[in-house]
>>> print(open('upload_25.pdb').read())   # PDB, C-alpha atoms
ATOM      1  CA  MET T   4      18.931  11.945  48.915
ATOM      2  CA  LYS T   5      22.712  11.764  48.760
ATOM      3  CA  ARG T   6      22.580   8.015  48.077
ATOM      4  CA  VAL T   7      20.340   8.581  45.037
ATOM      5  CA  ASP T   8      22.650  11.278  43.690
ATOM      6  CA  CYS T   9      25.627   8.976  44.149
ATOM      7  CA  ARG T  10      23.902   6.257  42.156
ATOM      8  CA  ALA T  11      23.025   8.714  39.422
ATOM      9  CA  ARG T  12      26.645   9.811  39.181
ATOM     10  CA  LEU T  13      27.785   6.182  39.032
ATOM     11  CA  PHE T  14      25.291   5.427  36.272
ATOM     12  CA  ALA T  15      26.441   8.500  34.325
ATOM     13  CA  PHE T  16      30.059   7.347  34.636
ATOM     14  CA  LEU T  17      29.221   3.819  33.448
ATOM     15  CA  TYR T  18      27.118   5.167  30.557
ATOM     16  CA  SER T  19      29.923   7.493  29.472
ATOM     17  CA  SER T  20      32.455   4.654  29.666
ATOM     18  CA  GLU T  21      30.190   2.403  27.585
ATOM     19  CA  ARG T  22      29.970   5.084  24.887
ATOM     20  CA  VAL T  23      33.766   5.418  24.749
ATOM     21  CA  VAL T  24      34.249   1.654  24.354
ATOM     22  CA  LEU T  25      31.482   1.302  21.739
ATOM     23  CA  HIS T  26      32.760   4.303  19.778
ATOM     24  CA  PHE T  27      36.286   2.879  19.625
ATOM     25  CA  PHE T  28      35.131  -0.640  18.686
ATOM     26  CA  TYR T  29      32.614   0.304  15.980
ATOM     27  CA  THR T  30      34.749   3.092  14.507
ATOM     28  CA  PHE T  31      37.845   0.905  14.300
ATOM     29  CA  PHE T  32      36.109  -1.920  12.451
ATOM     30  CA  GLY T  33      33.875   0.415  10.422
ATOM     31  CA  ARG T  34      36.879   2.283   9.054
ATOM     32  CA  ILE T  35      38.711  -0.950   8.180
ATOM     33  CA  LYS T  36      35.686  -2.372   6.360
ATOM     34  CA  SER T  37      35.086   0.899   4.513
ATOM     35  CA  LEU T  38      38.644   1.105   3.264
ATOM     36  CA  LEU T  39      38.701  -2.565   2.246
ATOM     37  CA  ILE T  40      35.621  -2.221   0.032
ATOM     38  CA  GLY T  41      36.881   0.984  -1.568
ATOM     39  CA  VAL T  42      34.983   3.759   0.221
ATOM     40  CA  ASP T  43      36.596   7.203  -0.138
ATOM     41  CA  LEU T  44      36.699   7.908   3.602
ATOM     42  CA  GLY T  45      37.483  11.311   5.104
ATOM     43  CA  ARG T  46      39.299  12.053   8.347
ATOM     44  CA  ASN T  47      37.704  11.482  11.763
ATOM     45  CA  VAL T  48      34.655   9.586  10.503
ATOM     46  CA  SER T  49      32.837   7.996  13.471
ATOM     47  CA  PHE T  50      30.799   4.804  13.320
ATOM     48  CA  ASN T  51      28.820   4.679  16.569
ATOM     49  CA  GLY T  52      27.091   1.369  15.960
ATOM     50  CA  THR T  53      26.673  -0.999  13.032
ATOM     51  CA  VAL T  54      26.810   0.527   9.546
ATOM     52  CA  ARG T  55      26.101  -1.809   6.624
ATOM     53  CA  ILE T  56      28.055  -0.577   3.586
ATOM     54  CA  ASP T  57      27.689  -2.313   0.216
ATOM     55  CA  ARG T  58      29.539  -0.832  -2.745
ATOM     56  CA  PHE T  59      28.605  -2.185  -6.189
ATOM     57  CA  LYS T  60      31.530  -2.629  -8.585
ATOM     58  CA  TYR T  61      32.566   0.608 -10.338
ATOM     59  CA  SER T  62      30.305   2.670  -8.078
ATOM     60  CA  LYS T  63      31.447   5.362  -5.683
ATOM     61  CA  ILE T  64      30.832   6.103  -1.984
ATOM     62  CA  VAL T  65      32.443   9.272  -0.626
ATOM     63  CA  ILE T  66      32.226  10.208   3.060
ATOM     64  CA  GLY T  67      33.657  13.592   4.077
ATOM     65  CA  ASP T  68      35.683  14.605   7.117
ATOM     66  CA  ASN T  69      34.113  14.508  10.596
ATOM     67  CA  VAL T  70      30.964  12.642   9.553
ATOM     68  CA  VAL T  71      29.205  10.761  12.380
ATOM     69  CA  PHE T  72      26.968   7.701  11.989
ATOM     70  CA  ASN T  73      24.884   6.830  15.064
ATOM     71  CA  SER T  74      23.382   3.348  14.894
ATOM     72  CA  HIS T  75      23.237   2.385  18.559
ATOM     73  CA  ASN T  76      20.851   3.541  21.280
ATOM     74  CA  ALA T  77      23.809   4.593  23.447
ATOM     75  CA  PHE T  78      24.337   7.421  20.945
ATOM     76  CA  ASN T  79      20.720   8.145  20.024
ATOM     77  CA  PRO T  80      18.359   7.702  22.983
ATOM     78  CA  ARG T  81      15.276   7.618  20.733
ATOM     79  CA  GLY T  82      16.597   4.348  19.344
ATOM     80  CA  CYS T  83      17.700   3.753  15.797
ATOM     81  CA  ARG T  84      18.362   0.878  13.458
ATOM     82  CA  SER T  85      21.663   0.030  11.808
ATOM     83  CA  SER T  86      22.653   2.502   9.124
ATOM     84  CA  ILE T  87      22.762   1.322   5.506
ATOM     85  CA  LEU T  88      24.791   2.791   2.639
ATOM     86  CA  LYS T  89      24.300   0.860  -0.591
ATOM     87  CA  THR T  90      25.073   1.473  -4.236
ATOM     88  CA  ALA T  91      22.982  -0.841  -6.391
ATOM     89  CA  ARG T  92      24.609  -0.711  -9.823
ATOM     90  CA  ASP T  93      27.647   0.443 -11.827
ATOM     91  CA  SER T  94      28.392   4.176 -11.667
ATOM     92  CA  ALA T  95      25.984   4.836  -8.783
ATOM     93  CA  ILE T  96      27.178   7.512  -6.351
ATOM     94  CA  ILE T  97      26.655   8.296  -2.675
ATOM     95  CA  GLU T  98      28.333  11.441  -1.361
ATOM     96  CA  ILE T  99      28.087  12.738   2.214
ATOM     97  CA  GLY T 100      29.605  16.143   2.976
ATOM     98  CA  GLU T 101      31.858  16.992   5.883
ATOM     99  CA  GLY T 102      30.513  17.577   9.370
ATOM    100  CA  SER T 103      27.252  15.719   8.755
ATOM    101  CA  GLY T 104      25.534  13.488  11.315
ATOM    102  CA  LEU T 105      23.269  10.556  10.445
ATOM    103  CA  SER T 106      21.347   8.271  12.820
ATOM    104  CA  GLY T 107      20.088   4.908  11.612
ATOM    105  CA  VAL T 108      19.822   6.219   8.074
ATOM    106  CA  SER T 109      19.150   4.072   5.007
ATOM    107  CA  ILE T 110      20.627   5.429   1.757
ATOM    108  CA  VAL T 111      20.276   3.375  -1.422
ATOM    109  CA  SER T 112      21.584   4.750  -4.716
ATOM    110  CA  TRP T 113      21.005   3.448  -8.225
ATOM    111  CA  SER T 114      22.065   6.756  -9.736
ATOM    112  CA  SER T 115      23.118   9.521  -7.340
ATOM    113  CA  VAL T 116      22.441  10.600  -3.762
ATOM    114  CA  LYS T 117      24.418  13.684  -2.721
ATOM    115  CA  ILE T 118      24.246  15.111   0.791
ATOM    116  CA  GLY T 119      25.845  18.479   1.535
ATOM    117  CA  GLN T 120      27.948  19.686   4.428
ATOM    118  CA  HIS T 121      26.748  19.935   8.047
ATOM    119  CA  VAL T 122      23.523  18.047   7.361
ATOM    120  CA  MET T 123      21.769  16.488  10.363
ATOM    121  CA  ILE T 124      19.599  13.448   9.631
ATOM    122  CA  GLY T 125      17.426  12.078  12.435
ATOM    123  CA  ALA T 126      16.799   8.471  13.398
ATOM    124  CA  ASN T 127      15.568   5.998  10.793
ATOM    125  CA  VAL T 128      15.345   8.309   7.784
ATOM    126  CA  SER T 129      15.163   6.575   4.395
ATOM    127  CA  ILE T 130      16.669   8.159   1.259
ATOM    128  CA  GLY T 131      16.440   6.551  -2.180
ATOM    129  CA  ASP T 132      16.825   7.703  -5.767
ATOM    130  CA  THR T 133      14.629   4.994  -7.271
ATOM    131  CA  ASP T 134      11.294   3.279  -6.848
ATOM    132  CA  ASP T 135      11.598  -0.096  -5.194
ATOM    133  CA  HIS T 136      11.631  -2.961  -7.703
ATOM    134  CA  PRO T 137      12.309  -0.790 -10.774
ATOM    135  CA  GLU T 138      12.682  -3.935 -12.888
ATOM    136  CA  ARG T 139       8.985  -4.662 -12.319
ATOM    137  CA  LEU T 140       7.711  -1.086 -12.335
ATOM    138  CA  HIS T 141       9.826  -0.124 -15.388
ATOM    139  CA  THR T 142      10.862   3.204 -13.852
ATOM    140  CA  GLU T 143      14.185   5.020 -13.942
ATOM    141  CA  PRO T 144      16.147   6.432 -10.993
ATOM    142  CA  LEU T 145      16.325  10.197 -10.448
ATOM    143  CA  PRO T 146      19.098  11.881  -8.415
ATOM    144  CA  VAL T 147      18.539  13.107  -4.870
ATOM    145  CA  ILE T 148      20.372  16.265  -3.769
ATOM    146  CA  ILE T 149      20.337  17.554  -0.193
ATOM    147  CA  GLY T 150      21.948  20.965   0.335
ATOM    148  CA  ASN T 151      24.136  22.294   3.142
ATOM    149  CA  ASN T 152      22.970  22.852   6.736
ATOM    150  CA  VAL T 153      19.771  20.858   6.209
ATOM    151  CA  PHE T 154      17.960  19.188   9.122
ATOM    152  CA  ILE T 155      15.787  16.137   8.393
ATOM    153  CA  GLY T 156      13.602  14.895  11.245
ATOM    154  CA  MET T 157      13.381  11.270  12.323
ATOM    155  CA  ASN T 158      11.375   8.692  10.357
ATOM    156  CA  SER T 159      11.201  10.869   7.239
ATOM    157  CA  ILE T 160      11.328   9.435   3.715
ATOM    158  CA  ILE T 161      13.105  11.242   0.865
ATOM    159  CA  LEU T 162      11.986   9.955  -2.537
ATOM    160  CA  LYS T 163      13.683   9.995  -5.935
ATOM    161  CA  GLY T 164      14.181  13.210  -7.896
ATOM    162  CA  VAL T 165      14.032  15.434  -4.800
ATOM    163  CA  THR T 166      16.292  18.429  -4.200
ATOM    164  CA  ILE T 167      16.280  20.024  -0.740
ATOM    165  CA  GLY T 168      17.743  23.529  -0.625
ATOM    166  CA  ASP T 169      20.308  24.840   1.852
ATOM    167  CA  ASN T 170      19.254  25.607   5.448
ATOM    168  CA  THR T 171      15.911  23.808   5.144
ATOM    169  CA  ILE T 172      14.247  21.948   8.021
ATOM    170  CA  VAL T 173      12.127  18.864   7.281
ATOM    171  CA  GLY T 174       9.791  17.866  10.112
ATOM    172  CA  ALA T 175       9.764  14.379  11.621
ATOM    173  CA  GLY T 176       7.768  11.721   9.797
ATOM    174  CA  SER T 177       7.576  13.654   6.531
ATOM    175  CA  VAL T 178       7.383  12.028   3.099
ATOM    176  CA  VAL T 179       9.252  14.289   0.677
ATOM    177  CA  THR T 180       7.920  13.655  -2.819
ATOM    178  CA  LYS T 181       8.847  17.002  -4.424
ATOM    179  CA  SER T 182      11.771  19.393  -4.206
ATOM    180  CA  LEU T 183      11.935  21.949  -1.387
ATOM    181  CA  PRO T 184      13.460  25.447  -1.648
ATOM    182  CA  ALA T 185      16.256  26.795   0.526
ATOM    183  CA  ASN T 186      15.621  28.499   3.860
ATOM    184  CA  CYS T 187      12.249  26.992   4.698
ATOM    185  CA  VAL T 188      10.487  24.705   7.156
ATOM    186  CA  ALA T 189       8.533  21.847   5.576
ATOM    187  CA  ALA T 190       6.577  18.919   6.984
ATOM    188  CA  GLY T 191       3.743  16.509   6.327
ATOM    189  CA  VAL T 192       2.617  13.587   4.190
ATOM    190  CA  PRO T 193       3.210  14.586   1.483
ATOM    191  CA  CYS T 194       5.714  17.176   2.675
ATOM    192  CA  ARG T 195       4.910  20.817   1.950
ATOM    193  CA  VAL T 196       6.433  24.173   2.860
ATOM    194  CA  ILE T 197       4.872  25.636   5.994
ATOM    195  CA  LYS T 198       7.250  28.521   6.648
ATOM    196  CA  VAL T 199       9.796  30.486   4.622
ATOM    197  CA  SER T 200      12.514  32.298   6.536
TER     198      SER T 200
END
>>> encode(input="upload_25.pdb", output="structure tokens")
Amino acid sequence: MKRVDCRARLFAFLYSSERVVLHFFYTFFGRIKSLLIGVDLGRNVSFNGTVRIDRFKYSKIVIGDNVVFNSHNAFNPRGCRSSILKTARDSAIIEIGEGSGLSGVSIVSWSSVKIGQHVMIGANVSIGDTDDHPERLHTEPLPVIIGNNVFIGMNSIILKGVTIGDNTIVGAGSVVTKSLPANCVAAGVPCRVIKVS
């Protein structure tokens, strides 16, 4: 019994040490890359894994203080892909408010994606303000706005033109096609309000 506990403690120590090393490595290079390509980067932003950031000329990416990106399974045990932040044309905007946490998120903006403060976004969520291949579908982008203190469950999809009100919870695997009010719980495909608090 004691031998098993000793091994568990050793594993916990090694796991914790791995997280420290990965955090330092990815954050160091993530911050350098972000600053070099012109991201407006707040204080204490953490890149825990690979984050692909592409900023189109004359577009804007703003990341607030104390934002955390988890893109490595050492930081999200459910597993998550690399995070993506991409502006796709001139004057596009991505804004992420302070104290937010995002795991393996994909955010692509042709117009505007604004995420409030203290928003938690689960693993592998996709957020986009346009239909894919708008040049073929002949559609226009519509802004996405996510309020403060919102929780979005893993594997959800947030589509163009959606506003999610403050303090709202979106269940895992939801496809949000229409705006959601503040202070509610919503889930499903398509996502709908199931509880108002």
>>> residues_around(input="upload_25.pdb", residues="Glu143 in chain T", least_positions_apart="5", cutoff="8 Å", atoms="all atoms listed in the file", output="mmCIF file with C-alpha atoms, in the coordinates of the input")
data_model
loop_
_atom_site.group_PDB
_atom_site.id
_atom_site.type_symbol
_atom_site.label_atom_id
_atom_site.label_comp_id
_atom_site.auth_asym_id
_atom_site.auth_seq_id
_atom_site.Cartn_x
_atom_site.Cartn_y
_atom_site.Cartn_z
ATOM 1 C CA THR T 133 14.629 4.994 -7.271
ATOM 2 C CA ASP T 134 11.294 3.279 -6.848
ATOM 3 C CA PRO T 137 12.309 -0.790 -10.774
#
>>> closest_residue(input="upload_25.pdb", among="T:Leu145, T:Val70, T:Val111, T:Leu105", to="Leu88 in chain T", atoms="all atoms listed in the file")
T:Val111
>>> closest_residue(input="upload_25.pdb", among="T:Arg34, T:Lys198, T:Arg139, T:Lys163", to="Val179 in chain T", atoms="all atoms listed in the file")
T:Lys163
>>> atom_distance(input="upload_25.pdb", atom1="CA of Val128 in chain T", atom2="CA of Ser159 in chain T")
4.9 Å
>>> atom_distance(input="upload_25.pdb", atom1="CA of Leu39 in chain T", atom2="CA of Asp135 in chain T")
28.2 Å
>>> resolve_selection(input="upload_25.pdb", expression="the PyMOL selection byres ((chain T and resi 180) around 9)", output="list in words")
Ile160, Ile161, Leu162, Lys163, Gly164, Val165, Val178, Val179, Lys181, Ser182, Val192, Pro193 and Cys194 of chain T
>>> atom_distance(input="upload_25.pdb", atom1="CA of Val24 in chain T", atom2="CA of Asp8 in chain T")
24.5 Å
>>> residues_around(input="upload_25.pdb", residues="Ser115 in chain T", least_positions_apart="5", cutoff="8 Å", atoms="only C-alpha atoms", output="PDB file with C-alpha atoms, keeping the file's coordinate frame")
ATOM      1  CA  ALA T  95      25.984   4.836  -8.783  1.00  0.00           C
ATOM      2  CA  ILE T  96      27.178   7.512  -6.351  1.00  0.00           C
ATOM      3  CA  ILE T  97      26.655   8.296  -2.675  1.00  0.00           C
ATOM      4  CA  ASP T 132      16.825   7.703  -5.767  1.00  0.00           C
ATOM      5  CA  LEU T 145      16.325  10.197 -10.448  1.00  0.00           C
ATOM      6  CA  PRO T 146      19.098  11.881  -8.415  1.00  0.00           C
ATOM      7  CA  VAL T 147      18.539  13.107  -4.870  1.00  0.00           C
TER       8      VAL T 147
END
>>> residues_around(input="upload_25.pdb", residues="Val199 in chain T", least_positions_apart="2", cutoff="7 Å", atoms="all atoms listed in the file", output="list in words")
Asn186, Cys187 and Val188 of chain T
>>> residues_around(input="upload_25.pdb", residues="Asn127 in chain T", least_positions_apart="4", cutoff="10 Å", atoms="only C-alpha atoms", output="MDAnalysis selection string")
chainID T and resid 74 82:86 105:109 156:160 176
>>> write_last_selection(input="upload_25.pdb", atoms="C-alpha atoms", output="PDB file, keeping the file's coordinate frame")
ATOM      1  CA  SER T  74      23.382   3.348  14.894  1.00  0.00           C
ATOM      2  CA  GLY T  82      16.597   4.348  19.344  1.00  0.00           C
ATOM      3  CA  CYS T  83      17.700   3.753  15.797  1.00  0.00           C
ATOM      4  CA  ARG T  84      18.362   0.878  13.458  1.00  0.00           C
ATOM      5  CA  SER T  85      21.663   0.030  11.808  1.00  0.00           C
ATOM      6  CA  SER T  86      22.653   2.502   9.124  1.00  0.00           C
ATOM      7  CA  LEU T 105      23.269  10.556  10.445  1.00  0.00           C
ATOM      8  CA  SER T 106      21.347   8.271  12.820  1.00  0.00           C
ATOM      9  CA  GLY T 107      20.088   4.908  11.612  1.00  0.00           C
ATOM     10  CA  VAL T 108      19.822   6.219   8.074  1.00  0.00           C
ATOM     11  CA  SER T 109      19.150   4.072   5.007  1.00  0.00           C
ATOM     12  CA  GLY T 156      13.602  14.895  11.245  1.00  0.00           C
ATOM     13  CA  MET T 157      13.381  11.270  12.323  1.00  0.00           C
ATOM     14  CA  ASN T 158      11.375   8.692  10.357  1.00  0.00           C
ATOM     15  CA  SER T 159      11.201  10.869   7.239  1.00  0.00           C
ATOM     16  CA  ILE T 160      11.328   9.435   3.715  1.00  0.00           C
ATOM     17  CA  GLY T 176       7.768  11.721   9.797  1.00  0.00           C
TER      18      GLY T 176
END
>>> closest_residue(input="upload_25.pdb", among="T:Ile148, T:Ile35, T:Ala126, T:Leu140", to="Ser114 in chain T", atoms="only C-alpha atoms")
T:Ile148
>>> closest_residue(input="upload_25.pdb", among="T:Gly125, T:Val116, T:Val153, T:Gly67", to="Arg81 in chain T", atoms="all atoms listed in the file")
T:Gly125
>>> residues_around(input="upload_25.pdb", residues="Ile155 in chain T", least_positions_apart="3", cutoff="7 Å", atoms="all atoms listed in the file", output="tab-separated table (two decimals) with C-alpha atoms, in the frame of the given file")
chain	number	residue	atom	x	y	z
T	123	MET	CA	21.77	16.49	10.36
T	124	ILE	CA	19.60	13.45	9.63
T	125	GLY	CA	17.43	12.08	12.44
T	172	ILE	CA	14.25	21.95	8.02
T	173	VAL	CA	12.13	18.86	7.28
T	174	GLY	CA	9.79	17.87	10.11
>>> resolve_selection(input="upload_25.pdb", expression="the PyMOL selection byres ((chain T and resi 48-65) around 9)", output="number ranges by chain")
T: 22, 25-34, 36-37, 40-47, 66-78, 84-100, 107
>>> closest_residue(input="upload_25.pdb", among="T:His121, T:Ile197, T:Trp113, T:Gly104", to="Thr142 in chain T", atoms="all atoms listed in the file")
T:Trp113
>>> resolve_selection(input="upload_25.pdb", expression="the PyMOL selection byres ((chain T and resi 167) around 6)", output="list of chain:residue names")
T:Ile149, T:Gly150, T:Thr166, T:Gly168, T:Ser182, T:Leu183
>>> decode(input="upload_25.pdb", residues="range 128-143 of chain T", atoms="N, CA, C and O atoms", output="compact mmCIF listing (two decimals), in the first residue's frame")
# COMPACT_ATOMS: atom_id res chain seq x y z
N VAL T 128 -14.00 24.50 -28.67
CA VAL T 128 -15.13 25.35 -29.09
C VAL T 128 -14.72 26.14 -30.34
O VAL T 128 -13.58 26.59 -30.46
N SER T 129 -15.65 26.29 -31.27
CA SER T 129 -15.42 27.05 -32.49
C SER T 129 -16.32 28.28 -32.52
O SER T 129 -17.53 28.17 -32.31
N ILE T 130 -15.72 29.45 -32.77
CA ILE T 130 -16.45 30.71 -32.81
C ILE T 130 -16.11 31.42 -34.11
O ILE T 130 -14.93 31.67 -34.40
N GLY T 131 -17.12 31.76 -34.90
CA GLY T 131 -16.87 32.46 -36.16
C GLY T 131 -17.98 33.43 -36.49
O GLY T 131 -19.15 33.16 -36.21
N ASP T 132 -17.61 34.55 -37.09
CA ASP T 132 -18.60 35.59 -37.42
C ASP T 132 -19.00 35.57 -38.89
O ASP T 132 -19.57 36.52 -39.40
N THR T 133 -18.69 34.47 -39.57
CA THR T 133 -19.03 34.37 -40.99
C THR T 133 -19.34 32.92 -41.34
O THR T 133 -18.95 32.00 -40.62
N ASP T 134 -20.05 32.73 -42.45
CA ASP T 134 -20.19 31.40 -43.01
C ASP T 134 -18.85 31.03 -43.66
O ASP T 134 -18.14 31.88 -44.17
N ASP T 135 -18.53 29.75 -43.63
CA ASP T 135 -17.31 29.34 -44.34
C ASP T 135 -17.51 29.57 -45.84
O ASP T 135 -18.61 29.45 -46.36
N HIS T 136 -16.45 29.94 -46.50
CA HIS T 136 -16.45 30.20 -47.94
C HIS T 136 -17.48 31.26 -48.34
O HIS T 136 -18.31 31.04 -49.22
N PRO T 137 -17.42 32.44 -47.72
CA PRO T 137 -18.40 33.48 -48.05
C PRO T 137 -18.31 33.95 -49.50
O PRO T 137 -19.29 34.42 -50.07
N GLU T 138 -17.13 33.77 -50.11
CA GLU T 138 -16.98 34.19 -51.52
C GLU T 138 -17.82 33.31 -52.44
O GLU T 138 -18.23 33.75 -53.51
N ARG T 139 -18.10 32.09 -52.03
CA ARG T 139 -18.94 31.20 -52.84
C ARG T 139 -20.41 31.28 -52.44
O ARG T 139 -21.30 31.12 -53.28
N LEU T 140 -20.64 31.50 -51.15
CA LEU T 140 -22.02 31.55 -50.66
C LEU T 140 -22.63 32.95 -50.79
O LEU T 140 -23.83 33.12 -50.63
N HIS T 141 -21.78 33.95 -51.03
CA HIS T 141 -22.22 35.34 -51.19
C HIS T 141 -22.97 35.83 -49.95
O HIS T 141 -24.04 36.43 -50.03
N THR T 142 -22.39 35.54 -48.78
CA THR T 142 -22.97 36.00 -47.51
C THR T 142 -22.02 36.98 -46.84
O THR T 142 -20.83 37.01 -47.14
N GLU T 143 -22.55 37.77 -45.93
CA GLU T 143 -21.77 38.77 -45.22
C GLU T 143 -21.54 38.33 -43.76
O GLU T 143 -22.40 37.66 -43.18
